[in-house]
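As C-alpha cells, the structure follows; a few thoughts come after it.
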Amino acid sequence: MADQGKNKLHVYNTLSREKELFESLNAPHVGMYVCGPTVYGDPHLGHAKSYVSFDVVLRYLRYLGYKVRYVQNITDVGHLVGDAEEGEDKLSKQARIEQVEPMEIAEKYTYSYFRDMDKLNVLRPDIAPRASGHIPEQIAMVKKLIEKGHAYNADGNVYFDVSSDEEYGKLSGRKTEDAESGTRVDVASDKKNPEDFALWKKADDGHIMKWDSPWSIGYPGWHVECSAMSTKYLGESFDIHGGGLDNQFPHHECEIAQAECAHDAPFVKYWMHNNMVTLEGQKMGKSLGNAINLDQFFTGNHDLLSRGWPPEVIRFFLLQSHYRSTTDFSEEALSAAEAGLKNLHSMVMAIDKAEPGSGTAFDLDGLKHAFETAMNDDFNSAQAIAVLFDQLKEVRKNINNGQAPENLDTLKILLHSIVEEVLGLWPKQASGSNEETLNGLVELLIEIRTQARSDKNFELSDKIRDDLDKLGVKLMDSKDGTTFTID
RNA sequence: GGCGACAUGGCCGAGUGGCUAGGCAGAGGUCUGCAAAACCUCGUACGGCGGUUCGAAUCCGCCUGUCGCCUCCA
C-alpha cells in the first residue's frame with residue numbers, strides 16, 4: 001500500500017448513505033464491477049461522465065497499490081423498450097431502423113463505445129463480458145432462484161418474487177408500497193405482484209434474439225445479466241459496484257435481490273453512483289432534441305455546437321467537478337476548462353522538460369499528502385486538481401527564475417503518477433522520431449528568426465512566428481531565448 | 001402524487017461551525033521591437049425567512065427554485 005499515514009480512503013456508499021472507510025474484502029485484491037452500456041446507440045456525455053468517473057476510481061485504487069479486477073459488461077441482449085408485456089427490444093428496433101442483424105448493431109456500437117472511451121483516455125476493463133455470451137450463467141441463476149422459492153414460472157415467463165425478499169429496497173430506500181401507487185399497474189400482467197420483475201421472458205415470434213431455456217424459448221431479464229456475470233468473474237461477494245444514479249432503482253436494487261437470494265451472501269460491499277449530466281441546464285434526451293453524442297462533441301459536428309471539443313478537455317472538465325454532483329455542459333464552461341487544462345499542461349511540461357537546479361527542494365510529501373487527502377475523500381478529483389494548480393505554480397516560477405529545485409527528478413516521477421496514471425491528464429505528445437525531427441526544424445526556424453530580430457528585420461521574424469502559429473506551433477520570446485509549444 | 005439530491009462571486013466549481021479553495025473570464029502593472037507566455041496586484045461569494053451558537057455559507061426548521069428517480073437510460 002502507498003503510505004497514506006492516518007489519511008485513508010473513504011468512499012461514499014449508497015447503501016449506508018455515508019462515506020465509509022474503504023477496506024477491501026480480500027486485500028490487496030479489489031473486485032470492481034461497473035454497469036456497461038447497452039450497445040444500441042453511440043455513447044454520449046452521460047457515458048463519458050460515468051466511465052471517466054469510475055476510470056479515476058480504478059486508477060486511484062491501483063495507485064494505492066490495490067490489485068483491481070475491473071469488470072464492465074456489454075449489454076447486447078435486447079431488452080424491452082418499455083417494461084410492458086408487449087414492446088420491441090432496443091437492439092431489434094435499431095436493427096430494423098438500420099436494416100441489419102441485431103448482432104451487427106451490438107458490434108457496431110460496442111466498437112464506437114470503446115473508440116470514444118479510448119479517446120477520453122478511459123482504461124479498458126480487464127473483462128468486458130457480453131450478456132449474450134453468458135446465457136447459461138443467467139439461466140443457472142434463475143434456476144437457483146426458482147429452487148429457493150424466490151422466483152416463479154408463469155407460462156414461460158419467470159419473475160422474481162419481490163415479496164420473498166425482506167431486504168428488497170435497501171439500496172434505493174424505496175418501499176414496494178410506494179412504487180405501486182405511482183406506477184401504472186399492468187392489468188394483463190401474469191405477475192403475482194406488480195413490483196415483481198422479469199428474470200426470463202418468453203419470446204414472441206417476431207423476436208430475433210432468443211435462446212432455449214427450461215421455461216421457454218426466450219431471453220433473460222435485464223437485471224440478471226449483471227448479477228450473473230459479476231458473480232462469475234468477481235465471486236458471490238465483491239468490493240465495488242458502480243453505475244449511474246439512474247440505475248440505482250430498479251436495476252441495482254434488483255441485482256442485489258437476485259444475487260443475495262441466490263447465494264445467501266452479501267453481494268456488494270460498496271455501491272457507488274455517479275450523478276447525471278445536463279446540457280445547458282436541461283436533461284439530455286432524444287425527445288428534447290439536445291442529445292449530442294461524444295463523437296459529435298469531439299468533431300463539433302452538431303447544430304448546437306460552435307466547434308469541436310477535444311476529448312481531453314471533456315475529461316478535464318468532468319474531473320473538475322465531483323462524480324456525485326450533476327455536471328452541466330455548456331460551451332462557455334468547456335471553454336474555461338480548455339484554458340485551464342492548457343495552463344495545467346504548460347506547468348507540467350515546464351517541469352518535465354527542466355533540469356534539476358540549485359533551488360530549494362520541492363516539498364514532495366506536501367504535494368503527495370494534499371493530493372491523497374483530496375482523493376481519499378471519496379475521490380475528490382476537483383480538489384486534487386486545485387492542489388496541482390496551487391503547488392505547481394511555485395515550481396514553474398522557480399524554474400523560470402533559474403532556481404529549479406534540486407529534487408526535480410523525483411518531482412517528475414510523482415507528477416507522472418498523479419497527472420498521468422491517476423488523473424489521465426498528461427499532455428499529448430508527438431511520437432518518437434517524428435518529434436525529434438519536428439523539434440529540430442522548429443529550433444532551426446527559431447535560430448533564423450532570432451538572427452532576423454537582431455537585424456531588426458521584424459517583417460521576417462513576424463512572418464516566421466505567424467506562419468508557425470497557423471501550423472499550431474507557438475513561439476514565445478523571453479530574455480533567455482525563445483521557447484515553443486506544439487499543439 | 002411519492003422518494004431523493006442540490007442551490008456558492010460574471011462563468012465553472014471545491015469546501016466547511018470562526019482563518020484566501022482552485023480554474024476561467026475581467027482590470028491594472030512588470031517584461032517585450034510587437035505579440036504571446038510568464039510573473040505581480042485586484043473580487044471578500046455562499047437562494048429566501050426564521051432558529052441553535054460567543055460566532056453559520058457550514059447545524060436545525062420552513063419557503064422558493066433546479067435536477068433526478070418512481071418506465072429503458074450512465
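Labels used: A, B, ... for chains in the order of the C-alpha cells, numbers from 1 for residues in each chain, and numbers from 1 for ligands as shown.
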- Task: May I have all residues of region 378-431 of chain A that DSSP, computed from the backbone, assigns to helix (DSSP H, G or I), given as a ChimeraX atom specification?
- Result: /A:381-400,408-422
Using only N, CA and C atoms, please write the residues we just selected to a file, as a compact mmCIF listing (two decimals), in the first residue's frame.
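Saved file selection-v2.txt follows:
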```txt
# COMPACT_ATOMS: atom_id res chain seq x y z
N SER A 381 -11.67 14.55 -7.20
CA SER A 381 -10.72 14.93 -8.25
C SER A 381 -10.66 16.45 -8.43
N ALA A 382 -11.77 17.13 -8.19
CA ALA A 382 -11.78 18.59 -8.33
C ALA A 382 -10.79 19.22 -7.34
N GLN A 383 -10.83 18.73 -6.12
CA GLN A 383 -9.91 19.22 -5.11
C GLN A 383 -8.47 18.84 -5.48
N ALA A 384 -8.30 17.65 -5.99
CA ALA A 384 -6.97 17.18 -6.37
C ALA A 384 -6.37 18.08 -7.45
N ILE A 385 -7.19 18.49 -8.39
CA ILE A 385 -6.71 19.37 -9.46
C ILE A 385 -6.35 20.74 -8.89
N ALA A 386 -7.16 21.23 -7.97
CA ALA A 386 -6.84 22.51 -7.32
C ALA A 386 -5.49 22.43 -6.62
N VAL A 387 -5.22 21.30 -6.00
CA VAL A 387 -3.92 21.11 -5.32
C VAL A 387 -2.78 21.24 -6.32
N LEU A 388 -2.96 20.67 -7.49
CA LEU A 388 -1.92 20.75 -8.51
C LEU A 388 -1.65 22.20 -8.91
N PHE A 389 -2.70 22.92 -9.23
CA PHE A 389 -2.52 24.32 -9.60
C PHE A 389 -1.81 25.08 -8.49
N ASP A 390 -2.27 24.85 -7.30
CA ASP A 390 -1.75 25.55 -6.14
C ASP A 390 -0.25 25.35 -5.97
N GLN A 391 0.16 24.10 -6.06
CA GLN A 391 1.53 23.77 -5.69
C GLN A 391 2.51 23.84 -6.86
N LEU A 392 2.04 23.61 -8.06
CA LEU A 392 2.97 23.57 -9.18
C LEU A 392 3.36 24.96 -9.66
N LYS A 393 2.50 25.91 -9.42
CA LYS A 393 2.75 27.29 -9.82
C LYS A 393 4.12 27.76 -9.30
N GLU A 394 4.36 27.46 -8.07
CA GLU A 394 5.61 27.85 -7.41
C GLU A 394 6.83 27.22 -8.10
N VAL A 395 6.67 25.97 -8.46
CA VAL A 395 7.79 25.28 -9.11
C VAL A 395 8.10 25.92 -10.46
N ARG A 396 7.07 26.19 -11.21
CA ARG A 396 7.29 26.81 -12.51
C ARG A 396 8.01 28.16 -12.36
N LYS A 397 7.57 28.90 -11.37
CA LYS A 397 8.17 30.20 -11.14
C LYS A 397 9.67 30.04 -10.86
N ASN A 398 9.98 29.09 -10.00
CA ASN A 398 11.39 28.88 -9.66
C ASN A 398 12.19 28.43 -10.86
N ILE A 399 11.58 27.59 -11.69
CA ILE A 399 12.29 27.15 -12.89
C ILE A 399 12.55 28.36 -13.80
N ASN A 400 11.53 29.19 -13.98
CA ASN A 400 11.68 30.39 -14.81
C ASN A 400 12.76 31.32 -14.27
N LEU A 408 14.11 17.90 -8.54
CA LEU A 408 13.15 17.96 -9.64
C LEU A 408 12.87 16.59 -10.25
N ASP A 409 13.89 15.74 -10.30
CA ASP A 409 13.69 14.43 -10.91
C ASP A 409 12.65 13.61 -10.14
N THR A 410 12.71 13.70 -8.83
CA THR A 410 11.73 12.97 -8.02
C THR A 410 10.34 13.56 -8.21
N LEU A 411 10.30 14.87 -8.33
CA LEU A 411 9.01 15.52 -8.58
C LEU A 411 8.40 15.04 -9.89
N LYS A 412 9.26 14.91 -10.90
CA LYS A 412 8.75 14.44 -12.20
C LYS A 412 8.09 13.08 -12.06
N ILE A 413 8.72 12.22 -11.29
CA ILE A 413 8.16 10.87 -11.12
C ILE A 413 6.80 10.95 -10.42
N LEU A 414 6.74 11.78 -9.39
CA LEU A 414 5.47 11.94 -8.67
C LEU A 414 4.40 12.51 -9.59
N LEU A 415 4.82 13.48 -10.39
CA LEU A 415 3.89 14.13 -11.30
C LEU A 415 3.33 13.15 -12.33
N HIS A 416 4.21 12.31 -12.81
CA HIS A 416 3.75 11.29 -13.76
C HIS A 416 2.70 10.40 -13.09
N SER A 417 2.96 10.03 -11.86
CA SER A 417 2.00 9.11 -11.25
C SER A 417 0.68 9.81 -10.95
N ILE A 418 0.72 11.08 -10.59
CA ILE A 418 -0.52 11.79 -10.28
C ILE A 418 -1.25 12.20 -11.56
N VAL A 419 -0.57 12.92 -12.41
CA VAL A 419 -1.25 13.52 -13.56
C VAL A 419 -1.49 12.51 -14.68
N GLU A 420 -0.54 11.61 -14.85
CA GLU A 420 -0.68 10.67 -15.95
C GLU A 420 -1.43 9.41 -15.51
N GLU A 421 -0.94 8.78 -14.44
CA GLU A 421 -1.51 7.48 -14.08
C GLU A 421 -2.88 7.60 -13.39
N VAL A 422 -3.02 8.56 -12.50
CA VAL A 422 -4.28 8.63 -11.75
C VAL A 422 -5.32 9.48 -12.50
```
Chain B near chain A within 8 Å: what's each residue's closest atom pair and its distance in Å to one decimal, counting only C-alpha atoms (C1' of nucleotides), ordered by chain then ascending residue number, as a tab-separated table?
```
residue	atom	partner	partner_atom	distance
B:G1	C1'	A:Gly182	CA	7.2
B:G2	C1'	A:Asp178	CA	6.2
B:C3	C1'	A:Arg174	CA	6.9
B:C11	C1'	A:Ala333	CA	6.7
B:C12	C1'	A:Ala333	CA	5.5
B:G13	C1'	A:Ser321	CA	6.2
B:A14	C1'	A:Gln383	CA	5.6
B:A21	C1'	A:Ala386	CA	7.5
B:G22	C1'	A:Ala386	CA	4.4
B:G23	C1'	A:Gly340	CA	5.7
B:C24	C1'	A:Ala336	CA	4.3
B:A25	C1'	A:Ala336	CA	7.9
B:U32	C1'	A:Ser478	CA	7.8
B:G33	C1'	A:Phe458	CA	7.4
B:A36	C1'	A:Met476	CA	5.9
B:A37	C1'	A:Met476	CA	5.9
B:A38	C1'	A:Asn400	CA	7.9
B:C39	C1'	A:Lys397	CA	7.6
B:G68	C1'	A:Asp246	CA	7.6
B:C69	C1'	A:Asp246	CA	6.4
B:C70	C1'	A:Ala179	CA	6.3
B:U71	C1'	A:Gly82	CA	6.2
B:C72	C1'	A:Val81	CA	5.4
B:C73	C1'	A:Asp246	CA	7.3
B:A74	C1'	A:Gly244	CA	4.6
```
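Across A:Asn121, A:Ser306, A:Asn13, A:Asn376, the tightest approach to Val52 (chain A) is made by A:Asn121 when counting only C-alpha atoms.
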- Message: Between CA of Val57 (chain A) and CA of Gly300 (chain A), what distance in Å does the model show, to one decimal?
- Response: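 Interatomic distance, CA of Val57 (chain A) to CA of Gly300 (chain A): 29.0 Å.
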- Task: Would you mind writing down, as number ranges by chain, each residue of region 139-273 of chain A that DSSP on the backbone assigns to strand (DSSP E or B)?
- Result: A: 151-154, 157-160, 197-202, 211, 218-220, 238-244, 268-273
- Minimum-distance residue to Asp118 (chain A), chosen among A:His369, A:Arg62, A:Arg315, A:Lys210 (using only C-alpha atoms):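 Looking only at the distances to Asp118 (chain A), the closest residue turns out to be A:Arg315.
Nearest-residue note for Lys428 (chain A): choosing from A:Lys119, A:His302, A:Arg130, A:Lys143, the minimum distance belongs to A:Lys119, counting only C-alpha atoms.
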